[in-house]
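As provided, my_file-v3.cif (mmCIF, C-alpha atoms) reads as follows.
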data_structure
loop_
_atom_site.label_atom_id
_atom_site.label_comp_id
_atom_site.auth_asym_id
_atom_site.auth_seq_id
_atom_site.Cartn_x
_atom_site.Cartn_y
_atom_site.Cartn_z
CA MET A 1 125.97 56.81 143.01
CA PRO A 2 124.71 60.40 143.31
CA SER A 3 122.68 61.22 146.36
CA LEU A 4 118.88 61.06 146.41
CA LYS A 5 118.57 64.81 146.62
CA VAL A 6 120.70 65.37 143.53
CA ILE A 7 118.68 62.89 141.47
CA LYS A 8 115.41 64.39 142.60
CA LYS A 9 116.59 67.81 141.57
CA ARG A 10 117.59 66.56 138.14
CA ILE A 11 114.25 64.88 137.61
CA SER A 12 112.37 68.06 138.34
CA SER A 13 114.64 70.07 136.07
CA VAL A 14 114.16 67.66 133.18
CA LYS A 15 110.43 67.76 133.82
CA SER A 16 110.28 71.50 133.54
CA THR A 17 112.32 71.38 130.34
CA GLN A 18 109.89 68.86 128.99
CA GLN A 19 107.02 71.16 129.79
CA ILE A 20 108.66 73.91 127.77
CA THR A 21 109.38 71.72 124.77
CA LYS A 22 105.86 70.36 124.87
CA ALA A 23 104.39 73.84 124.94
CA MET A 24 106.64 74.94 122.09
CA LYS A 25 105.59 71.97 120.05
CA MET A 26 101.94 72.82 120.56
CA VAL A 27 102.48 76.47 119.70
CA SER A 28 104.40 75.58 116.54
CA ALA A 29 101.68 73.18 115.50
CA ALA A 30 99.09 75.92 115.74
CA LYS A 31 101.28 78.43 113.93
CA LEU A 32 102.15 75.85 111.31
CA ARG A 33 98.52 75.41 110.42
CA LYS A 34 98.15 79.13 109.84
CA ALA A 35 101.38 79.37 107.86
CA GLN A 36 100.34 76.42 105.75
CA GLN A 37 97.05 78.06 104.92
CA ALA A 38 98.88 81.21 103.88
CA VAL A 39 101.08 79.18 101.54
CA LEU A 40 98.06 77.52 99.99
CA ALA A 41 96.28 80.84 99.62
CA THR A 42 99.02 82.36 97.47
CA ARG A 43 99.14 79.43 95.10
CA PRO A 44 96.21 80.40 92.84
CA TYR A 45 97.62 83.90 92.46
CA ALA A 46 101.16 82.74 91.69
CA LYS A 47 99.94 80.05 89.33
CA LYS A 48 97.73 82.39 87.39
CA MET A 49 100.53 84.90 87.10
CA ASP A 50 102.96 82.27 85.82
CA ALA A 51 100.41 81.17 83.28
CA ILE A 52 99.82 84.67 81.99
CA ILE A 53 103.52 85.47 81.70
CA ALA A 54 104.25 82.18 79.96
CA ASN A 55 101.48 82.73 77.47
CA LEU A 56 102.45 86.32 76.87
CA VAL A 57 106.03 85.38 76.15
CA ALA A 58 104.93 82.63 73.81
CA LYS A 59 102.31 84.74 72.11
CA VAL A 60 104.19 87.95 71.50
CA PRO A 61 107.43 87.46 69.56
CA ASP A 62 110.56 89.55 70.14
CA LEU A 63 109.56 90.58 73.59
CA SER A 64 112.42 92.04 75.46
CA HIS A 65 112.60 93.44 78.90
CA PRO A 66 115.46 94.51 81.18
CA LEU A 67 114.43 91.89 83.74
CA LEU A 68 114.70 89.10 81.17
CA LYS A 69 118.11 90.13 79.91
CA GLU A 70 120.95 87.64 80.17
CA ARG A 71 124.33 89.19 80.80
CA PRO A 72 127.72 87.58 81.39
CA ARG A 73 127.38 86.44 84.97
CA GLU A 74 130.06 88.18 86.93
CA ARG A 75 128.44 89.52 90.04
CA ALA A 76 125.96 87.38 91.88
CA LEU A 77 123.72 88.05 94.81
CA VAL A 78 122.35 85.32 97.02
CA LEU A 79 119.23 86.12 98.97
CA LEU A 80 118.96 83.70 101.86
CA ILE A 81 115.80 83.22 103.86
CA THR A 82 116.12 81.84 107.38
CA GLY A 83 114.26 82.21 110.64
CA ASP A 84 114.83 84.68 113.43
CA ARG A 85 114.75 82.08 116.15
CA GLY A 86 116.43 78.82 116.95
CA LEU A 87 115.20 75.60 118.57
CA CYS A 88 114.11 74.15 115.29
CA GLY A 89 116.65 71.43 114.61
CA GLY A 90 118.85 71.88 111.58
CA PHE A 91 116.49 74.25 109.85
CA ASN A 92 118.64 77.38 109.90
CA THR A 93 122.03 75.67 109.88
CA ASN A 94 121.41 73.46 106.88
CA ILE A 95 120.36 76.25 104.59
CA SER A 96 123.11 78.57 105.80
CA LYS A 97 125.60 75.79 105.09
CA ALA A 98 124.22 75.39 101.60
CA VAL A 99 124.83 79.06 100.92
CA GLU A 100 128.31 78.86 102.41
CA ARG A 101 129.08 75.94 100.12
CA PHE A 102 127.76 77.83 97.12
CA VAL A 103 129.98 80.80 97.90
CA ARG A 104 133.01 78.60 98.46
CA ASP A 105 132.51 76.44 95.39
CA ASN A 106 132.10 79.24 92.90
CA PRO A 107 135.03 81.62 93.22
CA GLU A 108 136.06 81.20 89.59
CA ASN A 109 132.55 81.38 88.14
CA PHE A 110 131.78 84.75 89.60
CA GLN A 111 133.93 87.77 90.25
CA GLN A 112 131.95 88.63 93.28
CA ILE A 113 129.28 86.94 95.35
CA ASP A 114 127.30 88.98 97.84
CA VAL A 115 124.85 87.58 100.33
CA ALA A 116 121.74 89.24 101.69
CA VAL A 117 120.17 87.51 104.65
CA ILE A 118 116.60 87.52 105.83
CA GLY A 119 116.40 86.30 109.42
CA ARG A 120 118.74 86.65 112.36
CA LYS A 121 119.89 83.03 112.48
CA GLY A 122 121.35 82.97 109.00
CA ASN A 123 123.33 86.08 109.76
CA ASP A 124 124.58 84.62 113.05
CA TYR A 125 125.93 81.62 111.19
CA LEU A 126 127.36 83.29 108.10
CA LYS A 127 129.00 86.33 109.67
CA ARG A 128 131.61 84.13 111.31
CA ARG A 129 132.50 82.37 108.06
CA PRO A 130 135.48 83.64 106.11
CA GLY A 131 134.88 84.67 102.52
CA VAL A 132 131.15 85.27 102.92
CA ASN A 133 130.34 88.85 102.16
CA ILE A 134 127.06 89.83 103.79
CA VAL A 135 125.75 93.06 102.33
CA LYS A 136 122.40 93.27 104.01
CA VAL A 137 120.48 91.73 106.90
CA TYR A 138 116.74 91.89 107.42
CA GLU A 139 115.38 90.87 110.77
CA ASN A 140 111.90 90.39 112.16
CA ILE A 141 110.14 90.25 108.84
CA THR A 142 109.34 86.57 108.84
CA GLY A 143 107.20 86.88 111.96
CA GLU A 144 104.22 88.49 110.33
CA VAL A 145 104.60 88.31 106.58
CA ASN A 146 102.84 90.87 104.51
CA TYR A 147 102.95 91.39 100.83
CA GLN A 148 104.27 94.90 101.16
CA THR A 149 107.54 93.75 102.69
CA ALA A 150 108.05 91.31 99.85
CA SER A 151 107.13 94.01 97.40
CA LEU A 152 109.77 96.37 98.77
CA LEU A 153 112.41 93.65 98.63
CA GLY A 154 111.40 92.79 95.08
CA THR A 155 111.64 96.38 93.93
CA GLU A 156 115.01 96.76 95.57
CA TYR A 157 116.58 93.74 93.88
CA ALA A 158 114.93 94.34 90.54
CA ALA A 159 116.48 97.82 90.61
CA ALA A 160 119.89 96.42 91.58
CA PHE A 161 119.65 94.05 88.64
CA THR A 162 118.63 96.61 86.04
CA GLU A 163 121.31 99.00 87.28
CA GLU A 164 123.76 96.15 86.58
CA LYS A 165 124.92 95.99 90.16
CA TYR A 166 124.29 92.26 89.95
CA ASP A 167 124.09 90.03 86.92
CA VAL A 168 122.21 87.25 88.59
CA VAL A 169 120.17 86.94 91.78
CA TYR A 170 119.56 83.62 93.50
CA LEU A 171 117.08 82.89 96.20
CA TYR A 172 117.74 80.22 98.83
CA TYR A 173 114.86 79.05 100.97
CA ASN A 174 113.32 76.00 102.59
CA GLU A 175 110.41 74.71 100.62
CA PHE A 176 107.64 73.23 102.68
CA LYS A 177 106.98 69.64 101.59
CA SER A 178 105.44 68.25 104.73
CA VAL A 179 105.71 68.69 108.46
CA ILE A 180 108.75 66.45 108.65
CA SER A 181 110.44 67.36 105.41
CA GLN A 182 111.75 70.70 104.25
CA VAL A 183 113.67 70.89 101.03
CA ILE A 184 116.43 73.41 100.52
CA THR A 185 115.59 75.15 97.29
CA LYS A 186 117.72 77.36 95.10
CA LEU A 187 115.83 79.51 92.70
CA GLN A 188 117.03 81.93 90.09
CA LEU A 189 115.15 85.11 90.78
CA LEU A 190 116.77 87.36 88.18
CA PRO A 191 117.00 87.37 85.23
CA VAL A 192 113.46 86.09 85.30
CA VAL A 193 113.12 82.53 84.12
CA THR A 194 109.98 82.45 82.06
CA PRO A 195 107.70 79.76 83.42
CA LYS A 196 106.37 76.99 81.22
CA ALA A 197 102.82 77.35 80.08
CA GLU A 198 100.58 74.98 81.97
CA GLU A 199 97.30 76.08 80.55
CA GLU A 200 96.61 77.73 77.26
CA LEU A 201 95.45 81.28 77.63
CA PHE A 202 94.78 83.99 75.11
CA THR A 203 93.27 81.54 72.70
CA GLY A 204 90.97 84.28 71.53
CA VAL A 205 92.05 85.56 68.13
CA ASP A 206 92.64 89.20 68.79
CA TYR A 207 93.33 89.85 72.34
CA ILE A 208 93.30 93.44 73.48
CA PHE A 209 96.19 94.43 75.64
CA GLU A 210 95.77 97.60 77.55
CA PRO A 211 97.94 99.69 77.34
CA SER A 212 100.22 97.33 75.30
CA ALA A 213 101.59 93.81 75.45
CA GLN A 214 105.05 95.16 76.17
CA GLU A 215 103.82 97.31 79.03
CA VAL A 216 101.72 94.52 80.51
CA LEU A 217 104.65 92.12 80.41
CA GLY A 218 106.99 94.62 82.02
CA GLN A 219 104.68 95.18 84.94
CA LEU A 220 103.96 91.49 85.33
CA LEU A 221 107.64 90.58 85.40
CA ALA A 222 108.33 93.09 88.13
CA LYS A 223 105.37 91.75 90.08
CA ASN A 224 106.51 88.21 89.49
CA VAL A 225 109.75 88.90 91.34
CA GLU A 226 107.77 90.18 94.29
CA VAL A 227 105.42 87.24 94.26
CA GLN A 228 108.33 84.79 94.19
CA ILE A 229 109.89 86.44 97.23
CA PHE A 230 106.56 86.56 99.01
CA ARG A 231 105.94 82.90 98.36
CA ALA A 232 109.48 81.93 99.38
CA ILE A 233 109.12 83.75 102.69
CA LEU A 234 105.82 82.03 103.37
CA GLU A 235 107.23 78.62 102.45
CA SER A 236 110.22 79.20 104.66
CA ARG A 237 108.00 80.22 107.54
CA ALA A 238 105.85 77.12 107.23
CA SER A 239 109.02 75.01 107.04
CA GLU A 240 110.40 76.65 110.15
CA PHE A 241 107.33 75.82 112.18
CA GLY A 242 107.34 72.29 110.80
CA ALA A 243 110.99 71.83 111.72
CA ARG A 244 110.43 73.30 115.15
CA MET A 245 107.46 71.07 115.75
CA THR A 246 109.32 67.87 114.89
CA SER A 247 112.43 68.80 116.82
CA MET A 248 110.41 69.81 119.87
CA ASP A 249 108.48 66.57 119.60
CA SER A 250 111.65 64.53 119.69
CA ALA A 251 112.99 66.68 122.52
CA THR A 252 109.85 65.94 124.50
CA LYS A 253 110.29 62.22 123.83
CA ASN A 254 113.93 62.35 124.89
CA ALA A 255 112.94 64.10 128.07
CA SER A 256 110.42 61.37 128.91
CA GLU A 257 113.08 58.77 128.37
CA MET A 258 115.48 60.64 130.60
CA ILE A 259 112.87 61.00 133.32
CA GLY A 260 112.29 57.25 133.17
CA LYS A 261 115.99 56.51 133.58
CA LEU A 262 116.42 59.00 136.39
CA THR A 263 113.37 57.65 138.23
CA LEU A 264 114.79 54.16 138.04
CA MET A 265 118.07 55.44 139.40
CA TYR A 266 116.26 57.29 142.16
CA ASN A 267 114.32 54.20 143.21
CA ARG A 268 117.44 52.08 143.22
CA ALA A 269 119.24 54.60 145.36
CA ARG A 270 116.31 54.77 147.75
CA GLN A 271 116.21 50.98 148.02
CA ALA A 272 119.93 50.86 148.69
CA ALA A 273 119.58 53.46 151.41
CA ILE A 274 116.78 51.50 153.09
CA THR A 275 118.74 48.26 152.95
CA LYS A 276 121.74 49.97 154.41
CA GLU A 277 119.71 51.40 157.28
CA LEU A 278 118.09 48.03 158.03
CA MET A 279 121.46 46.36 158.11
CA GLU A 280 122.72 48.94 160.52
CA ILE A 281 119.76 48.42 162.84
CA ILE A 282 120.05 44.64 162.72
CA SER A 283 123.76 44.66 163.37
CA GLY A 284 123.23 47.15 166.16
CA ALA A 285 120.63 44.87 167.74
CA GLU A 286 122.99 41.87 167.36
CA ALA A 287 125.71 43.75 169.22
CA ILE A 288 123.51 44.47 172.25
CA LYS A 289 122.56 40.79 172.74
CA MET B 290 75.94 83.85 74.83
CA ALA B 291 75.56 83.88 78.53
CA ASP B 292 74.16 87.04 80.00
CA LYS B 293 76.29 86.88 83.12
CA LEU B 294 79.96 87.32 83.84
CA LYS B 295 81.87 84.89 85.99
CA LEU B 296 83.89 87.08 88.29
CA GLU B 297 86.88 85.81 90.16
CA MET B 298 89.03 88.02 92.33
CA VAL B 299 92.39 86.74 93.58
CA THR B 300 94.99 88.32 95.83
CA PRO B 301 98.25 86.88 97.22
CA TYR B 302 96.35 86.28 100.45
CA GLY B 303 93.77 84.10 98.78
CA GLU B 304 90.60 84.28 96.78
CA VAL B 305 88.33 87.14 97.66
CA LEU B 306 85.36 86.60 95.41
CA THR B 307 83.94 83.99 93.08
CA THR B 308 80.54 84.95 91.89
CA GLU B 309 78.28 85.69 88.95
CA VAL B 310 77.68 89.31 88.10
CA ASP B 311 75.92 91.40 85.48
CA ASP B 312 78.73 93.83 84.76
CA ILE B 313 81.94 95.24 86.18
CA THR B 314 83.78 98.52 86.07
CA ALA B 315 87.48 98.64 86.75
CA PRO B 316 90.10 101.37 87.16
CA GLY B 317 92.39 100.71 84.19
CA VAL B 318 95.71 102.48 83.77
CA MET B 319 94.25 104.30 80.78
CA GLY B 320 91.05 105.21 82.53
CA GLU B 321 88.03 103.52 83.98
CA PHE B 322 86.34 100.96 81.80
CA GLY B 323 83.34 98.71 81.99
CA VAL B 324 82.91 95.12 80.91
CA LEU B 325 79.58 93.61 79.94
CA PRO B 326 78.84 90.01 79.00
CA GLY B 327 80.07 89.24 75.50
CA HIS B 328 83.09 91.48 75.77
CA ARG B 329 86.13 90.86 73.61
CA SER B 330 89.07 89.05 75.15
CA MET B 331 91.28 91.49 76.93
CA LEU B 332 94.11 91.82 79.38
CA ALA B 333 94.28 95.19 81.07
CA LEU B 334 96.43 96.64 83.78
CA LEU B 335 94.73 98.27 86.73
CA GLN B 336 95.81 101.05 88.99
CA VAL B 337 94.83 101.87 92.53
CA GLY B 338 91.17 102.64 92.40
CA GLU B 339 87.58 101.69 92.79
CA PHE B 340 86.34 98.45 91.33
CA SER B 341 82.64 97.73 91.22
CA TYR B 342 80.26 95.06 90.04
CA LEU B 343 76.52 94.83 89.62
CA GLN B 344 74.83 91.87 91.17
CA LYS B 345 71.07 91.41 91.47
CA GLY B 346 70.47 95.07 90.81
CA LYS B 347 72.84 96.12 93.52
CA ARG B 348 76.22 97.71 92.93
CA HIS B 349 79.08 96.51 95.10
CA PHE B 350 82.29 98.44 95.53
CA VAL B 351 85.78 97.14 96.20
CA ALA B 352 88.95 99.15 96.77
CA VAL B 353 91.75 97.56 94.79
CA ASN B 354 95.47 98.05 94.58
CA TRP B 355 97.74 97.37 91.61
CA GLY B 356 96.70 94.46 89.46
CA TYR B 357 95.21 93.37 86.20
CA VAL B 358 92.03 92.06 84.70
CA ASP B 359 91.79 89.18 82.30
CA VAL B 360 88.57 88.93 80.33
CA ASP B 361 88.11 85.76 78.35
CA GLN B 362 84.78 84.42 77.15
CA ASP B 363 82.71 85.95 79.93
CA ARG B 364 85.18 84.81 82.52
CA VAL B 365 86.68 87.75 84.34
CA THR B 366 89.72 87.18 86.49
CA VAL B 367 90.87 90.07 88.60
CA MET B 368 94.33 89.69 90.08
CA VAL B 369 95.10 92.43 92.55
CA GLU B 370 97.53 92.97 95.39
CA THR B 371 94.85 93.93 97.84
CA ALA B 372 91.08 94.01 97.60
CA GLU B 373 88.82 95.41 100.25
CA PRO B 374 85.07 95.32 99.89
CA ALA B 375 83.39 98.56 100.97
CA ASP B 376 81.72 97.09 104.04
CA LEU B 377 84.99 95.70 105.37
CA ILE B 378 86.95 98.92 105.23
CA ASP B 379 87.97 100.37 108.52
CA LEU B 380 87.39 104.05 107.92
CA GLU B 381 89.22 105.07 111.05
CA ARG B 382 92.32 103.21 109.95
CA ALA B 383 92.15 104.58 106.43
CA ARG B 384 91.95 108.13 107.78
CA LYS B 385 94.94 107.52 109.99
CA ALA B 386 96.91 106.08 107.07
CA LEU B 387 96.00 109.12 105.04
CA GLY B 388 97.25 111.42 107.78
CA ARG B 389 100.49 109.46 108.08
CA ALA B 390 101.12 109.51 104.35
CA GLU B 391 100.45 113.23 104.15
CA GLU B 392 102.83 113.93 107.02
CA ALA B 393 105.56 111.83 105.46
CA LEU B 394 105.14 113.42 102.04
CA LYS B 395 105.62 116.87 103.49
CA LYS B 396 109.03 115.89 104.79
CA LEU B 397 110.26 114.12 101.68
CA SER B 398 111.34 115.58 98.40
CA ASP B 399 110.26 113.86 95.22
CA GLU B 400 113.75 112.49 94.67
CA ASP B 401 113.70 110.29 97.75
CA LYS B 402 113.14 106.60 97.32
CA GLU B 403 110.39 106.64 99.89
CA TYR B 404 108.49 109.36 98.13
CA LYS B 405 106.96 106.96 95.67
CA VAL B 406 106.07 104.50 98.41
CA MET B 407 104.31 107.16 100.42
CA GLU B 408 102.62 108.53 97.36
CA ALA B 409 101.19 105.11 96.67
CA ALA B 410 100.10 104.82 100.30
CA LEU B 411 98.34 108.16 99.97
CA ALA B 412 96.50 107.03 96.85
CA ARG B 413 95.43 103.81 98.56
CA ALA B 414 94.15 105.62 101.62
CA LEU B 415 92.19 108.09 99.51
CA ILE B 416 90.56 105.29 97.55
CA ARG B 417 89.70 103.37 100.68
CA ILE B 418 87.96 106.39 102.12
CA GLN B 419 86.15 107.01 98.87
CA VAL B 420 84.99 103.41 98.62
CA ALA B 421 83.99 103.26 102.26
CA ALA B 422 81.74 106.24 101.67
CA ARG B 423 79.78 104.11 99.19
CA LYS B 424 78.80 101.66 101.86
CA GLY B 425 75.11 100.89 101.65
CA HIS B 426 74.62 102.44 98.23
#
Mind converting the file's structure to structure tokens?
Amino acid sequence: MPSLKVIKKRISSVKSTQQITKAMKMVSAAKLRKAQQAVLATRPYAKKMDAIIANLVAKVPDLSHPLLKERPRERALVLLITGDRGLCGGFNTNISKAVERFVRDNPENFQQIDVAVIGRKGNDYLKRRPGVNIVKVYENITGEVNYQTASLLGTEYAAAFTEEKYDVVYLYYNEFKSVISQVITKLQLLPVVTPKAEEELFTGVDYIFEPSAQEVLGQLLAKNVEVQIFRAILESRASEFGARMTSMDSATKNASEMIGKLTLMYNRARQAAITKELMEIISGAEAIK
Amino acid sequence: MADKLKLEMVTPYGEVLTTEVDDITAPGVMGEFGVLPGHRSMLALLQVGEFSYLQKGKRHFVAVNWGYVDVDQDRVTVMVETAEPADLIDLERARKALGRAEEALKKLSDEDKEYKVMEAALARALIRIQVAARKGH
């Protein structure tokens, strides 16, 4: 049995770890609430935009746009969204693995698959994997998300698509379902998948489009790409905090359990020491008689 | 026909405004236009500029970024990237942004990728300053 001093030291070290995990859990909970609100706030905008695009596509026949164009899919780009920091359970690993699997499973479907990573952790995982070709890494943009960042990313990939550098662009991110569940989601970003009409718009007989339906659609499609990226980053951020919160919660629980076990061990050892001392005194006293 | 417009302004960060107004003017890509109650259905693209609406005899100004306006049966939905009401604009910050954009533009040629970005930033800053000047009007 380890000595009393050693056990005592271990107890205090586990306790301080527990304090850290507890604090991290609390911090993530607070950040989660904010991130969740941000996700909810973008929904009306995204929904409205989907509705308008869907109705435009349905309403105006023979609409064509470079961002809608289907080409033989030879070169693919995967845009992966992960977090910059760890200590959040399987959050970063699971999604990175999903991308790795996608790259490995599709060598004959695509001539070339490139990966662009948002977040340090995804890069850390994927750069050591053979066959994964990382073309770009963005760090520190998931901390404070602003629309401009998403907008720049959107413009960049829309341009890469229209210049035929890539024939298809996929987006991998964690969708926020609830605090304890994040769903790995794969979304086709480009060519733009026209959303289904949820509500009927443009019911008015002659709608005026200014400057023209074609122009309006073109701009909306480009914006739609940006909005999708923006939303995905926000979802991923909320998921990250959710994952961190649950994993820190279970870490805190494990620490309590460990402290309980160690305390029991400590008490037993103390008892044994006392018994031993008593026996020594008694036998010493016997010997003098 | 109702004599008011239902105005709704939405940005990716959330809803900014939901209110009833008498009229609006918006910076369309083909020039500024106004919408009064009873207007025909319309979908128009907006550019960076000054959006305003009349409410209870008072004109309110909002600096808006790229977006569009959907007018349908006296319901006006404004979807913009950013929207800043005049009284919320930080003039100091806008001036600084203007200075930064000007500096950057001097260094870049119009072929650079960043040129467009900075140009847009310049336009935004100018509009913010212009709108902020309307405070209290």
>> Under the rule that only C-alpha atoms are counted, which of A:Met245, A:Val227, A:Ala272, A:Leu87 is the nearest residue to Lys48 in chain A?
In response: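 Smallest distance to Lys48 in chain A is found for A:Val227.
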Could you build a table of the residues in chain B lying no more than 6 Å from chain A, giving for each the nearest pair of atoms and their separation in Å rounded to one decimal place, using all atoms listed in the file, ordered by chain and ascending residue number, as JSON lines?
{"residue": "B:Pro301", "atom": "CA", "partner": "A:Thr42", "partner_atom": "CA", "distance": 4.6}
{"residue": "B:Tyr302", "atom": "CA", "partner": "A:Ala41", "partner_atom": "CA", "distance": 5.5}
{"residue": "B:Gly303", "atom": "CA", "partner": "A:Ala41", "partner_atom": "CA", "distance": 4.2}
{"residue": "B:Ser330", "atom": "CA", "partner": "A:Tyr207", "partner_atom": "CA", "distance": 5.2}
{"residue": "B:Met331", "atom": "CA", "partner": "A:Ile208", "partner_atom": "CA", "distance": 4.4}
{"residue": "B:Leu332", "atom": "CA", "partner": "A:Phe209", "partner_atom": "CA", "distance": 5.0}
{"residue": "B:Ala333", "atom": "CA", "partner": "A:Glu210", "partner_atom": "CA", "distance": 4.5}
Output file for the residues above (C-alpha atoms, as a PDB file, in the frame of the given file):
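So out32.pdb came out as:
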ATOM      1  CA  PRO B 301      98.250  86.880  97.220  1.00  0.00           C
ATOM      2  CA  TYR B 302      96.350  86.280 100.450  1.00  0.00           C
ATOM      3  CA  GLY B 303      93.770  84.100  98.780  1.00  0.00           C
ATOM      4  CA  SER B 330      89.070  89.050  75.150  1.00  0.00           C
ATOM      5  CA  MET B 331      91.280  91.490  76.930  1.00  0.00           C
ATOM      6  CA  LEU B 332      94.110  91.820  79.380  1.00  0.00           C
ATOM      7  CA  ALA B 333      94.280  95.190  81.070  1.00  0.00           C
TER       8      ALA B 333
END
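Near range 127-130 of chain A, within a cut-off of 12 Å and counting all atoms listed in the file, sit the residues Ser96, Lys97, Val99, Glu100, Arg101, Val103, Arg104, Val115, Ala116, Val117, Arg120, Lys121, Lys136 and Val137 of chain A, with same-chain residues fewer than 6 positions away left out.
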>> I'd like the interatomic distance between CA of Leu294 in chain B and CA of Asp379 in chain B, to a tenth of an Å.
In response: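 CA of Asp379 in chain B lies at a distance of 29.0 Å from CA of Leu294 in chain B.
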> Which distance in Å separates CA of Ala412 in chain B and CA of Tyr357 in chain B, to one decimal?
Replying inline: 17.4 Å
When you look at Lys345 in chain B with a cut-off of 12 Å (counting all atoms listed in the file), what residues show up, excluding the ones that are within fewer than 3 positions of it in the same chain? I need them as a PDB file with C-alpha atoms, in the frame of the given file.
ATOM      1  CA  LYS B 293      76.290  86.880  83.120  1.00  0.00           C
ATOM      2  CA  THR B 308      80.540  84.950  91.890  1.00  0.00           C
ATOM      3  CA  GLU B 309      78.280  85.690  88.950  1.00  0.00           C
ATOM      4  CA  VAL B 310      77.680  89.310  88.100  1.00  0.00           C
ATOM      5  CA  ASP B 311      75.920  91.400  85.480  1.00  0.00           C
ATOM      6  CA  ASP B 312      78.730  93.830  84.760  1.00  0.00           C
ATOM      7  CA  TYR B 342      80.260  95.060  90.040  1.00  0.00           C
ATOM      8  CA  ARG B 348      76.220  97.710  92.930  1.00  0.00           C
ATOM      9  CA  HIS B 349      79.080  96.510  95.100  1.00  0.00           C
TER      10      HIS B 349
END
>> Could you tell me, as an MDAnalysis selection string, exactly which residues end up selected when the PyMOL selection byres ((chain B and resi 366) around 8) is applied to this structure?
In response: chainID B and resid 296:299 358:360 364:365 367:368
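The gap separating CA of Lys47 in chain A from CA of Phe161 in chain A is 24.2 Å, in Å to one decimal.
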> Applied to the shown file, which residues does the PyMOL selection byres ((chain B and resi 316) around 8) return, written as a PyMOL selection string?
Replying inline: chain B and resi 314-315+317-318+320-322+335-340
>> Translate the PyMOL selection byres ((chain A and resi 81) around 9) into a concrete residue list for this structure, as a PyMOL selection string.
In response: chain A and resi 79-80+82-83+92+95-96+116-119+122+142+171-174+232-233+236
>> Using only C-alpha atoms, list the residues that have an atom at most 9 Å from (85.0, 92.3, 76.2), coordinates as in the file, as a list in words.
In response: Ile208 of chain A; Gly323, Val324, Leu325, Pro326, Gly327, His328, Arg329, Ser330, Met331, Val360, Asp361, Gln362 and Asp363 of chain B
